[in-house]
file upload.cif (mmCIF, C-alpha atoms)
data_coords
loop_
_atom_site.group_PDB
_atom_site.id
_atom_site.type_symbol
_atom_site.label_atom_id
_atom_site.label_comp_id
_atom_site.auth_asym_id
_atom_site.auth_seq_id
_atom_site.Cartn_x
_atom_site.Cartn_y
_atom_site.Cartn_z
ATOM 1 C CA MET A 5 19.884 -33.801 -35.401
ATOM 2 C CA ILE A 6 20.844 -35.311 -32.059
ATOM 3 C CA ILE A 7 18.938 -34.449 -28.911
ATOM 4 C CA GLY A 8 20.375 -35.522 -25.575
ATOM 5 C CA VAL A 9 18.138 -36.490 -22.672
ATOM 6 C CA VAL A 10 19.787 -36.322 -19.251
ATOM 7 C CA THR A 11 19.201 -39.142 -16.770
ATOM 8 C CA PHE A 12 19.700 -38.086 -13.148
ATOM 9 C CA PRO A 13 19.319 -40.568 -10.306
ATOM 10 C CA GLY A 14 15.540 -40.484 -9.842
ATOM 11 C CA SER A 15 14.612 -39.302 -13.338
ATOM 12 C CA LEU A 16 11.414 -40.968 -14.538
ATOM 13 C CA ASP A 17 10.529 -39.636 -17.932
ATOM 14 C CA ASP A 18 13.878 -39.828 -19.700
ATOM 15 C CA ARG A 19 12.850 -42.823 -21.839
ATOM 16 C CA ASP A 20 9.561 -41.188 -22.838
ATOM 17 C CA ALA A 21 11.382 -37.970 -23.741
ATOM 18 C CA ALA A 22 13.859 -39.912 -25.880
ATOM 19 C CA ARG A 23 10.959 -41.712 -27.537
ATOM 20 C CA ALA A 24 9.237 -38.389 -28.252
ATOM 21 C CA VAL A 25 12.429 -37.132 -29.914
ATOM 22 C CA ARG A 26 12.498 -40.223 -32.156
ATOM 23 C CA MET A 27 8.769 -39.964 -32.963
ATOM 24 C CA ALA A 28 9.408 -36.387 -34.064
ATOM 25 C CA GLY A 29 12.125 -37.583 -36.418
ATOM 26 C CA GLY A 30 15.250 -36.819 -34.383
ATOM 27 C CA GLU A 31 17.987 -38.979 -32.955
ATOM 28 C CA ALA A 32 17.890 -39.327 -29.165
ATOM 29 C CA VAL A 33 20.903 -39.972 -26.953
ATOM 30 C CA LEU A 34 20.651 -40.673 -23.231
ATOM 31 C CA LEU A 35 23.147 -38.641 -21.216
ATOM 32 C CA TRP A 36 24.310 -39.687 -17.767
ATOM 33 C CA HIS A 37 24.339 -37.132 -14.946
ATOM 34 C CA ASN A 38 27.958 -37.956 -14.159
ATOM 35 C CA ASP A 39 29.206 -37.334 -17.717
ATOM 36 C CA HIS A 40 31.173 -34.187 -18.400
ATOM 37 C CA SER A 41 30.819 -33.810 -22.145
ATOM 38 C CA LEU A 42 27.877 -33.256 -24.493
ATOM 39 C CA LYS A 43 29.986 -34.290 -27.487
ATOM 40 C CA ASN A 44 28.098 -33.626 -30.749
ATOM 41 C CA ILE A 45 24.681 -33.033 -29.236
ATOM 42 C CA ASP A 46 22.511 -30.292 -30.766
ATOM 43 C CA ALA A 47 19.918 -29.827 -28.008
ATOM 44 C CA VAL A 48 19.139 -31.160 -24.529
ATOM 45 C CA VAL A 49 15.987 -32.199 -22.672
ATOM 46 C CA LEU A 50 15.961 -32.328 -18.867
ATOM 47 C CA PRO A 51 13.185 -34.833 -18.155
ATOM 48 C CA GLY A 52 10.591 -35.177 -15.430
ATOM 49 C CA GLY A 53 10.974 -37.241 -12.296
ATOM 50 C CA PHE A 54 12.434 -36.816 -8.846
ATOM 51 C CA SER A 55 16.126 -36.153 -9.389
ATOM 52 C CA TYR A 56 18.124 -36.982 -6.270
ATOM 53 C CA GLY A 57 14.869 -37.837 -4.523
ATOM 54 C CA ASP A 58 13.803 -34.165 -4.562
ATOM 55 C CA TYR A 59 16.062 -33.819 -1.508
ATOM 56 C CA LEU A 60 16.477 -30.284 -0.143
ATOM 57 C CA ARG A 61 14.373 -28.686 -2.897
ATOM 58 C CA CYS A 62 13.249 -30.071 -6.267
ATOM 59 C CA GLY A 63 16.148 -29.682 -8.686
ATOM 60 C CA ALA A 64 18.514 -28.186 -6.106
ATOM 61 C CA ILE A 65 20.993 -31.073 -6.154
ATOM 62 C CA ALA A 66 20.666 -31.858 -9.877
ATOM 63 C CA ARG A 67 21.842 -28.324 -10.590
ATOM 64 C CA PHE A 68 25.330 -29.316 -9.447
ATOM 65 C CA ALA A 69 25.528 -32.608 -11.388
ATOM 66 C CA PRO A 70 28.677 -32.723 -13.555
ATOM 67 C CA ILE A 71 26.700 -32.808 -16.828
ATOM 68 C CA MET A 72 24.781 -29.656 -15.829
ATOM 69 C CA GLN A 73 27.907 -27.489 -15.971
ATOM 70 C CA GLU A 74 28.298 -28.253 -19.680
ATOM 71 C CA VAL A 75 24.529 -28.096 -20.319
ATOM 72 C CA ALA A 76 24.325 -24.639 -18.702
ATOM 73 C CA ALA A 77 27.377 -23.323 -20.568
ATOM 74 C CA ARG A 78 26.115 -24.566 -23.948
ATOM 75 C CA ALA A 79 22.576 -23.276 -23.333
ATOM 76 C CA GLN A 80 23.924 -19.857 -22.407
ATOM 77 C CA GLY A 81 25.684 -19.998 -25.773
ATOM 78 C CA GLY A 82 22.377 -20.652 -27.554
ATOM 79 C CA MET A 83 21.890 -24.428 -27.526
ATOM 80 C CA PRO A 84 18.180 -25.332 -27.246
ATOM 81 C CA LEU A 85 17.347 -26.653 -23.789
ATOM 82 C CA LEU A 86 13.926 -27.874 -22.610
ATOM 83 C CA GLY A 87 13.161 -28.658 -18.979
ATOM 84 C CA ILE A 88 9.965 -30.610 -18.385
ATOM 85 C CA CYS A 89 8.465 -30.751 -14.869
ATOM 86 C CA ASN A 90 11.468 -31.707 -12.687
ATOM 87 C CA GLY A 91 13.592 -30.414 -15.581
ATOM 88 C CA PHE A 92 11.829 -27.032 -15.257
ATOM 89 C CA GLN A 93 12.619 -27.100 -11.531
ATOM 90 C CA VAL A 94 16.280 -27.796 -12.346
ATOM 91 C CA LEU A 95 16.361 -24.853 -14.799
ATOM 92 C CA CYS A 96 14.988 -22.503 -12.129
ATOM 93 C CA GLU A 97 17.400 -23.761 -9.465
ATOM 94 C CA SER A 98 20.227 -23.307 -12.009
ATOM 95 C CA HIS A 99 19.088 -19.701 -12.599
ATOM 96 C CA LEU A 100 18.830 -20.437 -16.318
ATOM 97 C CA LEU A 101 15.198 -19.369 -15.930
ATOM 98 C CA PRO A 102 13.863 -16.952 -13.293
ATOM 99 C CA GLY A 103 11.585 -17.883 -10.396
ATOM 100 C CA VAL A 104 10.992 -21.180 -8.666
ATOM 101 C CA LEU A 105 8.442 -24.006 -8.526
ATOM 102 C CA THR A 106 6.869 -24.575 -5.118
ATOM 103 C CA ARG A 107 4.367 -26.942 -3.517
ATOM 104 C CA ASN A 108 0.958 -26.999 -5.207
ATOM 105 C CA SER A 109 -1.296 -24.580 -3.343
ATOM 106 C CA ASP A 110 -3.718 -27.342 -2.284
ATOM 107 C CA LEU A 111 -0.790 -29.646 -1.297
ATOM 108 C CA HIS A 112 -2.070 -32.462 -3.525
ATOM 109 C CA PHE A 113 -0.018 -34.303 -6.084
ATOM 110 C CA LEU A 114 -1.905 -33.646 -9.314
ATOM 111 C CA CYS A 115 -2.117 -36.147 -12.160
ATOM 112 C CA ARG A 116 -4.526 -35.215 -14.911
ATOM 113 C CA ASP A 117 -4.933 -34.063 -18.485
ATOM 114 C CA GLN A 118 -4.592 -30.296 -18.505
ATOM 115 C CA GLU A 119 -5.679 -27.807 -21.128
ATOM 116 C CA LEU A 120 -3.148 -25.077 -21.941
ATOM 117 C CA ILE A 121 -3.060 -22.036 -24.162
ATOM 118 C CA ILE A 122 0.090 -21.311 -26.169
ATOM 119 C CA GLU A 123 1.055 -17.648 -25.945
ATOM 120 C CA ASN A 124 4.517 -17.552 -27.502
ATOM 121 C CA ASN A 125 5.433 -19.447 -30.662
ATOM 122 C CA SER A 126 8.723 -17.670 -31.295
ATOM 123 C CA THR A 127 10.826 -19.973 -29.107
ATOM 124 C CA GLN A 128 12.838 -22.819 -30.572
ATOM 125 C CA TRP A 129 10.538 -25.285 -28.810
ATOM 126 C CA THR A 130 7.126 -23.811 -29.743
ATOM 127 C CA SER A 131 7.395 -22.600 -33.349
ATOM 128 C CA GLU A 132 5.080 -25.362 -34.597
ATOM 129 C CA TYR A 133 2.170 -24.027 -32.521
ATOM 130 C CA SER A 134 0.033 -20.987 -33.206
ATOM 131 C CA ILE A 135 -0.537 -18.229 -30.683
ATOM 132 C CA GLY A 136 -3.830 -18.800 -28.885
ATOM 133 C CA GLN A 137 -3.820 -22.518 -29.721
ATOM 134 C CA HIS A 138 -5.321 -24.744 -27.027
ATOM 135 C CA ILE A 139 -3.502 -27.995 -26.355
ATOM 136 C CA THR A 140 -3.998 -30.761 -23.769
ATOM 137 C CA LEU A 141 -1.036 -32.407 -22.029
ATOM 138 C CA PRO A 142 -0.695 -34.587 -18.940
ATOM 139 C CA LEU A 143 0.153 -32.600 -15.801
ATOM 140 C CA LYS A 144 1.625 -34.638 -12.951
ATOM 141 C CA ASN A 145 3.525 -33.049 -10.102
ATOM 142 C CA GLY A 146 3.460 -32.099 -6.462
ATOM 143 C CA GLU A 147 5.508 -28.929 -6.798
ATOM 144 C CA GLY A 148 4.273 -27.129 -9.869
ATOM 145 C CA SER A 149 3.294 -23.758 -8.497
ATOM 146 C CA TYR A 150 5.350 -21.145 -10.345
ATOM 147 C CA GLN A 151 6.431 -18.285 -8.067
ATOM 148 C CA CYS A 152 8.565 -15.212 -8.683
ATOM 149 C CA ASP A 153 8.731 -11.632 -7.415
ATOM 150 C CA ASP A 154 6.500 -8.903 -8.844
ATOM 151 C CA GLU A 155 9.292 -7.344 -10.889
ATOM 152 C CA THR A 156 10.154 -10.679 -12.569
ATOM 153 C CA LEU A 157 6.481 -11.336 -13.275
ATOM 154 C CA ARG A 158 6.100 -7.905 -14.854
ATOM 155 C CA LEU A 159 9.169 -8.576 -17.022
ATOM 156 C CA LEU A 160 7.948 -12.023 -18.118
ATOM 157 C CA GLU A 161 4.550 -10.575 -19.047
ATOM 158 C CA SER A 162 5.877 -7.491 -20.851
ATOM 159 C CA GLU A 163 8.479 -9.453 -22.818
ATOM 160 C CA GLY A 164 6.005 -12.198 -23.818
ATOM 161 C CA ARG A 165 8.110 -14.831 -22.116
ATOM 162 C CA ILE A 166 5.141 -16.786 -20.750
ATOM 163 C CA LEU A 167 4.804 -19.408 -23.452
ATOM 164 C CA ALA A 168 1.880 -21.377 -22.008
ATOM 165 C CA ARG A 169 -0.784 -20.844 -19.352
ATOM 166 C CA TYR A 170 -3.289 -23.164 -17.711
ATOM 167 C CA VAL A 171 -6.801 -22.801 -19.116
ATOM 168 C CA GLY A 172 -9.697 -22.740 -16.642
ATOM 169 C CA GLU A 173 -9.144 -23.062 -12.938
ATOM 170 C CA ASN A 174 -5.528 -22.539 -11.883
ATOM 171 C CA PRO A 175 -4.499 -26.096 -10.907
ATOM 172 C CA ASN A 176 -1.627 -25.335 -8.530
ATOM 173 C CA GLY A 177 -1.519 -21.670 -7.552
ATOM 174 C CA SER A 178 1.041 -20.651 -10.206
ATOM 175 C CA ARG A 179 1.298 -16.889 -10.535
ATOM 176 C CA ASN A 180 -0.779 -15.703 -13.506
ATOM 177 C CA SER A 181 -1.544 -19.384 -14.291
ATOM 178 C CA ILE A 182 1.955 -19.847 -15.708
ATOM 179 C CA ALA A 183 2.586 -23.342 -17.126
ATOM 180 C CA GLY A 184 5.795 -22.560 -18.991
ATOM 181 C CA ILE A 185 8.303 -19.771 -19.605
ATOM 182 C CA THR A 186 11.252 -19.035 -21.851
ATOM 183 C CA ASN A 187 14.474 -17.066 -21.552
ATOM 184 C CA GLU A 188 14.870 -13.866 -23.573
ATOM 185 C CA ARG A 189 16.596 -15.633 -26.437
ATOM 186 C CA GLY A 190 13.908 -18.316 -26.781
ATOM 187 C CA ASN A 191 16.282 -21.296 -26.631
ATOM 188 C CA ILE A 192 15.761 -22.237 -22.966
ATOM 189 C CA VAL A 193 12.222 -23.313 -22.125
ATOM 190 C CA GLY A 194 10.705 -24.704 -18.927
ATOM 191 C CA LEU A 195 7.317 -26.396 -18.942
ATOM 192 C CA MET A 196 5.458 -28.034 -16.064
ATOM 193 C CA PRO A 197 3.046 -30.258 -18.098
ATOM 194 C CA HIS A 198 4.467 -33.179 -20.084
ATOM 195 C CA PRO A 199 4.555 -32.932 -23.890
ATOM 196 C CA GLU A 200 6.514 -36.209 -24.102
ATOM 197 C CA HIS A 201 3.472 -38.077 -22.742
ATOM 198 C CA ALA A 202 1.201 -36.712 -25.473
ATOM 199 C CA ILE A 203 2.808 -37.915 -28.686
ATOM 200 C CA GLU A 204 0.614 -40.829 -29.756
ATOM 201 C CA GLU A 205 -3.027 -41.710 -29.321
ATOM 202 C CA LEU A 206 -2.391 -45.130 -27.784
ATOM 203 C CA THR A 207 -0.723 -43.770 -24.656
ATOM 204 C CA GLY A 208 -1.544 -40.067 -24.464
ATOM 205 C CA PRO A 209 -4.690 -37.972 -24.230
ATOM 206 C CA THR A 210 -3.674 -36.203 -27.465
ATOM 207 C CA THR A 211 -0.701 -35.907 -29.779
ATOM 208 C CA ASP A 212 -0.417 -32.205 -28.914
ATOM 209 C CA GLY A 213 2.996 -32.598 -27.284
ATOM 210 C CA LEU A 214 4.822 -33.644 -30.411
ATOM 211 C CA GLY A 215 5.050 -30.020 -31.541
ATOM 212 C CA PHE A 216 7.700 -29.200 -28.928
ATOM 213 C CA PHE A 217 10.017 -31.799 -30.448
ATOM 214 C CA THR A 218 9.235 -31.079 -34.108
ATOM 215 C CA SER A 219 9.711 -27.358 -33.364
ATOM 216 C CA VAL A 220 13.239 -27.784 -32.068
ATOM 217 C CA LEU A 221 14.227 -30.156 -34.876
ATOM 218 C CA LYS A 222 13.012 -27.607 -37.433
ATOM 219 C CA SER A 223 14.844 -24.767 -35.740
ATOM 220 C CA LEU A 224 18.071 -26.799 -35.681
ATOM 221 C CA ILE A 225 17.784 -27.666 -39.363
ATOM 222 C CA ALA A 226 17.160 -24.015 -40.189
ATOM 223 C CA LEU A 227 20.394 -22.928 -38.471
ATOM 224 C CA MET B 27 34.911 -29.037 16.763
ATOM 225 C CA ALA B 28 32.349 -26.324 16.104
ATOM 226 C CA ARG B 29 28.714 -26.637 15.234
ATOM 227 C CA PHE B 30 26.641 -24.282 13.111
ATOM 228 C CA ILE B 31 22.895 -23.989 12.903
ATOM 229 C CA VAL B 32 21.483 -22.779 9.613
ATOM 230 C CA GLU B 33 17.790 -21.944 9.604
ATOM 231 C CA VAL B 34 16.018 -21.496 6.305
ATOM 232 C CA MET B 35 12.558 -19.921 6.158
ATOM 233 C CA LEU B 36 10.289 -18.965 3.292
ATOM 234 C CA LYS B 37 10.231 -15.199 2.805
ATOM 235 C CA PRO B 38 7.194 -13.660 4.524
ATOM 236 C CA GLU B 39 5.488 -12.801 1.225
ATOM 237 C CA ILE B 40 5.766 -16.368 -0.120
ATOM 238 C CA LEU B 41 2.710 -18.583 0.356
ATOM 239 C CA ASP B 42 3.468 -21.541 2.646
ATOM 240 C CA PRO B 43 0.745 -24.143 1.967
ATOM 241 C CA GLN B 44 2.374 -26.647 4.353
ATOM 242 C CA GLY B 45 2.375 -24.144 7.192
ATOM 243 C CA ALA B 46 -1.224 -23.255 6.381
ATOM 244 C CA ALA B 47 -2.238 -26.938 6.499
ATOM 245 C CA ILE B 48 -0.562 -27.312 9.895
ATOM 246 C CA ALA B 49 -2.278 -24.145 11.109
ATOM 247 C CA ALA B 50 -5.605 -25.656 10.066
ATOM 248 C CA ALA B 51 -4.856 -29.013 11.740
ATOM 249 C CA LEU B 52 -3.768 -27.726 15.163
ATOM 250 C CA PRO B 53 -7.118 -26.205 16.196
ATOM 251 C CA ARG B 54 -8.766 -29.548 15.378
ATOM 252 C CA LEU B 55 -6.441 -31.075 17.983
ATOM 253 C CA GLY B 56 -7.514 -28.549 20.563
ATOM 254 C CA PHE B 57 -4.750 -25.960 20.207
ATOM 255 C CA ALA B 58 -6.680 -22.719 20.146
ATOM 256 C CA GLY B 59 -5.694 -19.145 19.446
ATOM 257 C CA LEU B 60 -3.094 -19.796 16.698
ATOM 258 C CA THR B 61 -2.776 -16.961 14.226
ATOM 259 C CA SER B 62 -0.081 -18.363 11.909
ATOM 260 C CA VAL B 63 2.260 -21.314 11.307
ATOM 261 C CA ARG B 64 5.257 -21.121 8.963
ATOM 262 C CA GLN B 65 7.322 -24.197 8.224
ATOM 263 C CA GLY B 66 11.084 -24.005 7.628
ATOM 264 C CA LYS B 67 14.269 -26.068 7.614
ATOM 265 C CA ARG B 68 17.078 -26.368 10.135
ATOM 266 C CA PHE B 69 20.547 -27.657 9.249
ATOM 267 C CA GLU B 70 23.162 -28.663 11.815
ATOM 268 C CA ILE B 71 26.667 -28.552 10.373
ATOM 269 C CA GLU B 72 29.758 -29.679 12.214
ATOM 270 C CA ILE B 73 33.315 -28.779 11.253
ATOM 271 C CA GLU B 74 36.783 -29.551 12.538
ATOM 272 C CA GLY B 75 38.378 -26.768 14.553
ATOM 273 C CA PRO B 76 36.890 -23.577 15.941
ATOM 274 C CA ALA B 77 34.193 -21.349 14.418
ATOM 275 C CA THR B 78 36.418 -18.609 13.055
ATOM 276 C CA ALA B 79 35.037 -15.650 11.121
ATOM 277 C CA GLU B 80 36.388 -17.328 7.983
ATOM 278 C CA LYS B 81 34.454 -20.542 8.694
ATOM 279 C CA ILE B 82 31.274 -18.617 9.393
ATOM 280 C CA ALA B 83 31.665 -16.904 6.021
ATOM 281 C CA GLU B 84 32.137 -20.305 4.383
ATOM 282 C CA ILE B 85 28.934 -21.649 5.910
ATOM 283 C CA GLU B 86 27.136 -18.521 4.768
ATOM 284 C CA SER B 87 28.307 -19.115 1.190
ATOM 285 C CA ALA B 88 27.142 -22.725 1.407
ATOM 286 C CA ALA B 89 23.742 -21.516 2.572
ATOM 287 C CA GLU B 90 23.539 -19.029 -0.295
ATOM 288 C CA LEU B 91 24.656 -21.565 -2.890
ATOM 289 C CA LEU B 92 22.764 -24.670 -1.835
ATOM 290 C CA LEU B 93 20.863 -24.696 1.455
ATOM 291 C CA ALA B 94 18.517 -21.829 0.617
ATOM 292 C CA ASN B 95 16.987 -20.610 -2.634
ATOM 293 C CA LEU B 96 17.150 -16.855 -2.211
ATOM 294 C CA VAL B 97 14.328 -16.373 -4.701
ATOM 295 C CA ILE B 98 11.874 -17.566 -2.057
ATOM 296 C CA GLU B 99 13.852 -18.158 1.147
ATOM 297 C CA ASN B 100 15.915 -16.316 3.750
ATOM 298 C CA PHE B 101 18.479 -17.921 6.047
ATOM 299 C CA VAL B 102 20.352 -17.215 9.252
ATOM 300 C CA VAL B 103 23.604 -18.832 10.351
ATOM 301 C CA ARG B 104 24.607 -19.037 13.997
ATOM 302 C CA VAL B 105 27.225 -20.870 15.981
ATOM 303 C CA ASP B 106 25.795 -23.459 18.364
ATOM 304 C CA GLU B 107 27.479 -22.727 21.696
#

call {"tool": "encode", "arguments": {"input": "upload.cif", "output": "structure tokens"}}
result
Amino acid sequence: MIIGVVTFPGSLDDRDAARAVRMAGGEAVLLWHNDHSLKNIDAVVLPGGFSYGDYLRCGAIARFAPIMQEVAARAQGGMPLLGICNGFQVLCESHLLPGVLTRNSDLHFLCRDQELIIENNSTQWTSEYSIGQHITLPLKNGEGSYQCDDETLRLLESEGRILARYVGENPNGSRNSIAGITNERGNIVGLMPHPEHAIEELTGPTTDGLGFFTSVLKSLIAL
Amino acid sequence: MARFIVEVMLKPEILDPQGAAIAAALPRLGFAGLTSVRQGKRFEIEIEGPATAEKIAEIESAAELLLANLVIENFVVRVDE
């Protein structure tokens, strides 16, 4: 199974995401923002970082990168797509997921290990977790506060589309402590904390993040 | 040549932590009596030729597509006379 990781100008975590894919047993391919084709790729990760310098709004310019047209079309057709941190911001700006990520409520850039609770394990990226499972992943961003209108929030809650929430004090002012959401179909997932930085004990606080990558590989094999 | 001003502001119901931080800083500098500060963006766009109704509509589409995120922001377009 081949998972593509998109590199935008300003992406930071593309190499770590590719490494996480390989640690989980998949083949990783780096995709360039200016490419037009996904070729034989089975799933895509939009990594963390500061695409296009976060100019205008986080993810607002990356949305119009040539590769994103194909990524969006394939994801709307069911291809698994994970956006981590800046990737989550790109998914929201692309309207592939509802809402938007805004400046942390206390204005600080946060960088810490964050405990989360998994609340949906029916997506293609979370099937290896159990509902109610607590995991710890690095959280590092300046604009991680998830915002949406009341109607969208009600929909996300009632349809179980909030896949992870922050445990304990809300770190950034996200509505209902949302750390990650999914689309209705469960193939497009956005997550603010970084699973790709928690895949081995030497460099991460835990290995809790590996499950996102093993989940998608399993779901692709099952297809 | 015509010049357009596009102003983008967070919707009133959206929390503006930057505006709030500015509102907290100003009284420390001696500016009293402030009740609220909201921070926004201003774009100045120049085009060739006059500001026809068609051009205004084009700038409005650009604002909808890229300059503002309508989930959290509103915008106004005006011609700079």

call {"tool": "closest_residue", "arguments": {"input": "upload.cif", "among": "A:Leu195, A:Val171, A:Leu60, A:Leu206", "to": "chain B", "atoms": "all atoms listed in the file"}}
result
A:Leu60

call {"tool": "atom_distance", "arguments": {"input": "upload.cif", "atom1": "atom CA of A:Ile185", "atom2": "atom CA of A:Leu101"}}
result
7.8 Å

call {"tool": "interface_residues", "arguments": {"input": "upload.cif", "of": "chain A", "to": "chain B", "cutoff": "8 Å", "atoms": "only C-alpha atoms", "output": "MDAnalysis selection string"}}
result
chainID A and resid 60 64:65 97 103:104 107:111 152:153

call {"tool": "residues_around", "arguments": {"input": "upload.cif", "residues": "B:Glu84", "least_positions_apart": "5", "cutoff": "12 Å", "atoms": "only C-alpha atoms", "output": "PyMOL selection string"}}
result
chain B and resi 30+71+73+77-79+89-91+103

call {"tool": "atom_distance", "arguments": {"input": "upload.cif", "atom1": "atom CA of A:Glu74", "atom2": "atom CA of A:Phe92"}}
result
17.1 Å

call {"tool": "resolve_selection", "arguments": {"input": "upload.cif", "expression": "the PyMOL selection byres ((chain A and resi 120) around 9)", "output": "mmCIF file with C-alpha atoms, keeping the file's coordinate frame"}}
result
data_model
loop_
_atom_site.group_PDB
_atom_site.id
_atom_site.type_symbol
_atom_site.label_atom_id
_atom_site.label_comp_id
_atom_site.auth_asym_id
_atom_site.auth_seq_id
_atom_site.Cartn_x
_atom_site.Cartn_y
_atom_site.Cartn_z
ATOM 1 C CA GLN A 118 -4.592 -30.296 -18.505
ATOM 2 C CA GLU A 119 -5.679 -27.807 -21.128
ATOM 3 C CA ILE A 121 -3.060 -22.036 -24.162
ATOM 4 C CA ILE A 122 0.090 -21.311 -26.169
ATOM 5 C CA GLN A 137 -3.820 -22.518 -29.721
ATOM 6 C CA HIS A 138 -5.321 -24.744 -27.027
ATOM 7 C CA ILE A 139 -3.502 -27.995 -26.355
ATOM 8 C CA THR A 140 -3.998 -30.761 -23.769
ATOM 9 C CA LEU A 141 -1.036 -32.407 -22.029
ATOM 10 C CA ALA A 168 1.880 -21.377 -22.008
ATOM 11 C CA ARG A 169 -0.784 -20.844 -19.352
ATOM 12 C CA TYR A 170 -3.289 -23.164 -17.711
ATOM 13 C CA VAL A 171 -6.801 -22.801 -19.116
ATOM 14 C CA GLY A 172 -9.697 -22.740 -16.642
ATOM 15 C CA ALA A 183 2.586 -23.342 -17.126
ATOM 16 C CA PRO A 197 3.046 -30.258 -18.098
#

call {"tool": "closest_residue", "arguments": {"input": "upload.cif", "among": "A:Ile166, A:Ala202, A:Val9, A:Leu42", "to": "A:Pro70", "atoms": "only C-alpha atoms"}}
result
A:Leu42

call {"tool": "resolve_selection", "arguments": {"input": "upload.cif", "expression": "the PyMOL selection byres ((chain A and resi 40) around 9)", "output": "MDAnalysis selection string"}}
result
chainID A and resid 36:39 41:42 70:74

call {"tool": "resolve_selection", "arguments": {"input": "upload.cif", "expression": "the PyMOL selection byres ((chain A and resi 62) around 9)", "output": "ChimeraX atom specification"}}
result
/A:54-61,63-66,90,93-94,97,105-106,147

call {"tool": "write_last_selection", "arguments": {"input": "upload.cif", "atoms": "C-alpha atoms", "output": "PDB file, keeping the file's coordinate frame"}}
result
ATOM      1  CA  PHE A  54      12.434 -36.816  -8.846  1.00  0.00           C
ATOM      2  CA  SER A  55      16.126 -36.153  -9.389  1.00  0.00           C
ATOM      3  CA  TYR A  56      18.124 -36.982  -6.270  1.00  0.00           C
ATOM      4  CA  GLY A  57      14.869 -37.837  -4.523  1.00  0.00           C
ATOM      5  CA  ASP A  58      13.803 -34.165  -4.562  1.00  0.00           C
ATOM      6  CA  TYR A  59      16.062 -33.819  -1.508  1.00  0.00           C
ATOM      7  CA  LEU A  60      16.477 -30.284  -0.143  1.00  0.00           C
ATOM      8  CA  ARG A  61      14.373 -28.686  -2.897  1.00  0.00           C
ATOM      9  CA  GLY A  63      16.148 -29.682  -8.686  1.00  0.00           C
ATOM     10  CA  ALA A  64      18.514 -28.186  -6.106  1.00  0.00           C
ATOM     11  CA  ILE A  65      20.993 -31.073  -6.154  1.00  0.00           C
ATOM     12  CA  ALA A  66      20.666 -31.858  -9.877  1.00  0.00           C
ATOM     13  CA  ASN A  90      11.468 -31.707 -12.687  1.00  0.00           C
ATOM     14  CA  GLN A  93      12.619 -27.100 -11.531  1.00  0.00           C
ATOM     15  CA  VAL A  94      16.280 -27.796 -12.346  1.00  0.00           C
ATOM     16  CA  GLU A  97      17.400 -23.761  -9.465  1.00  0.00           C
ATOM     17  CA  LEU A 105       8.442 -24.006  -8.526  1.00  0.00           C
ATOM     18  CA  THR A 106       6.869 -24.575  -5.118  1.00  0.00           C
ATOM     19  CA  GLU A 147       5.508 -28.929  -6.798  1.00  0.00           C
TER      20      GLU A 147
END

call {"tool": "atom_distance", "arguments": {"input": "upload.cif", "atom1": "atom CA of A:Val33", "atom2": "atom CA of A:Val10"}}
result
8.6 Å

call {"tool": "residues_near_point", "arguments": {"input": "upload.cif", "point": "(4.0, -32.7, -20.5)", "cutoff": "7 Å", "atoms": "all atoms listed in the file", "output": "count of residues only"}}
result
12

call {"tool": "axis_aligned_box", "arguments": {"input": "upload.cif", "around": "stretch 50-64 of chain A", "padding_each_side": "5 Å", "output": "lines of an AutoDock Vina configuration file"}}
result
center_x = 14.6
center_y = -33.0
center_z = -9.5
size_x = 17.9
size_y = 19.7
size_z = 28.7

call {"tool": "closest_residue", "arguments": {"input": "upload.cif", "among": "B:Glu107, B:Gly45, B:Ala51, B:Phe101", "to": "B:Ser87", "atoms": "only C-alpha atoms"}}
result
B:Phe101
